[in-house]
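Just below is one structure, and these are the notes that go with it.
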Amino acid sequence: MTETTSFDLRTSPWIAVRTDRGIEEVSLLELFDRAGEIRALAGEIPSQDVAILRLLLVILRRGLPQSFDYPHERWA
């Protein structure tokens with residue numbers, strides 16, 4: 001019998017970040033919860049940070065209301 005393991009990107013730590021305490025791995029949910037504490041992404045190479053940042057921007061944008069597409073209309 002084969003045992004399968006699961007990995008939930010939302011709750012399992014996998015994103016390397018730099019905080020005041022040093023480098024640690026956080027989950028997606030933890031990253032957004034602790035955004036104020038995180039100083040930078042801390043991937044092994046710079047292109048890894050860029051890829052993770054692009055993913056985070058898509059997730060963040062998807063969570064915003066559609067009216068955010070044209071924020072200047074709110075300030076007119």
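Ordered as shown in the structure tokens, chains take letters A, B, and onward, while each chain numbers its residues from 1 and ligands are numbered from 1 in the order shown.
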
Which residues are near Pro13 of chain A? Cut-off 6 Å, only C-alpha atoms, ignore same chain within fewer than 5 positions. Put them as a PyMOL selection string. chain A and resi 25-27

As a compact mmCIF listing (two decimals) with N, CA and C atoms, in the first residue's frame, please: all residues of segment 9-75 of chain A that backbone DSSP puts in alpha helix (DSSP H).
```
# COMPACT_ATOMS: atom_id res chain seq x y z
N LEU A 28 1.56 30.84 2.67
CA LEU A 28 0.92 31.97 2.01
C LEU A 28 0.07 32.77 2.99
N LEU A 29 -0.73 32.08 3.78
CA LEU A 29 -1.60 32.78 4.73
C LEU A 29 -0.78 33.55 5.76
N GLU A 30 0.27 32.92 6.25
CA GLU A 30 1.12 33.58 7.25
C GLU A 30 1.83 34.79 6.64
N LEU A 31 2.23 34.68 5.39
CA LEU A 31 2.90 35.80 4.73
C LEU A 31 2.00 37.02 4.69
N PHE A 32 0.74 36.84 4.31
CA PHE A 32 -0.17 37.98 4.25
C PHE A 32 -0.54 38.46 5.66
N ASP A 33 -0.66 37.54 6.61
CA ASP A 33 -0.97 37.94 7.99
C ASP A 33 0.17 38.74 8.62
N PRO A 46 17.90 35.46 -6.90
CA PRO A 46 17.00 36.60 -7.13
C PRO A 46 15.80 36.28 -8.03
N SER A 47 16.00 35.44 -9.04
CA SER A 47 14.88 35.13 -9.94
C SER A 47 13.78 34.36 -9.21
N GLN A 48 14.13 33.65 -8.16
CA GLN A 48 13.12 32.96 -7.35
C GLN A 48 12.25 33.99 -6.62
N ASP A 49 12.86 35.03 -6.10
CA ASP A 49 12.10 36.09 -5.42
C ASP A 49 11.14 36.78 -6.39
N VAL A 50 11.59 37.01 -7.61
CA VAL A 50 10.73 37.66 -8.61
C VAL A 50 9.53 36.78 -8.92
N ALA A 51 9.74 35.48 -9.09
CA ALA A 51 8.64 34.57 -9.39
C ALA A 51 7.63 34.52 -8.24
N ILE A 52 8.11 34.44 -7.01
CA ILE A 52 7.23 34.42 -5.84
C ILE A 52 6.47 35.74 -5.73
N LEU A 53 7.15 36.85 -5.95
CA LEU A 53 6.50 38.15 -5.88
C LEU A 53 5.38 38.27 -6.91
N ARG A 54 5.61 37.77 -8.11
CA ARG A 54 4.56 37.81 -9.14
C ARG A 54 3.36 36.99 -8.71
N LEU A 55 3.60 35.83 -8.11
CA LEU A 55 2.50 35.01 -7.61
C LEU A 55 1.74 35.75 -6.51
N LEU A 56 2.46 36.37 -5.59
CA LEU A 56 1.82 37.10 -4.49
C LEU A 56 1.00 38.28 -4.99
N LEU A 57 1.48 38.96 -6.01
CA LEU A 57 0.73 40.08 -6.57
C LEU A 57 -0.58 39.62 -7.21
N VAL A 58 -0.54 38.48 -7.89
CA VAL A 58 -1.77 37.94 -8.49
C VAL A 58 -2.77 37.57 -7.41
N ILE A 59 -2.31 36.93 -6.35
CA ILE A 59 -3.20 36.55 -5.25
C ILE A 59 -3.79 37.80 -4.60
N LEU A 60 -2.96 38.78 -4.34
CA LEU A 60 -3.42 40.03 -3.72
C LEU A 60 -4.44 40.73 -4.62
N ARG A 61 -4.14 40.84 -5.88
CA ARG A 61 -5.03 41.52 -6.82
C ARG A 61 -6.37 40.81 -6.92
N ARG A 62 -6.35 39.49 -6.90
CA ARG A 62 -7.59 38.72 -6.99
C ARG A 62 -8.47 38.96 -5.76
N GLY A 63 -7.86 39.25 -4.64
CA GLY A 63 -8.61 39.48 -3.41
C GLY A 63 -9.20 40.88 -3.29
N HIS A 72 -8.45 55.84 -9.40
CA HIS A 72 -8.51 57.29 -9.58
C HIS A 72 -9.95 57.80 -9.62
N GLU A 73 -10.90 56.94 -10.02
CA GLU A 73 -12.31 57.34 -10.05
C GLU A 73 -12.84 57.62 -8.65
N ARG A 74 -12.31 56.94 -7.65
CA ARG A 74 -12.76 57.16 -6.28
C ARG A 74 -12.28 58.49 -5.75
N TRP A 75 -11.19 59.02 -6.29
CA TRP A 75 -10.61 60.26 -5.78
C TRP A 75 -11.02 61.48 -6.60
```

Taking only C-alpha atoms into account, which of A:Thr4, A:Leu64, A:Ala40, A:Ile45 comes nearest Val17 of chain A? A:Ala40
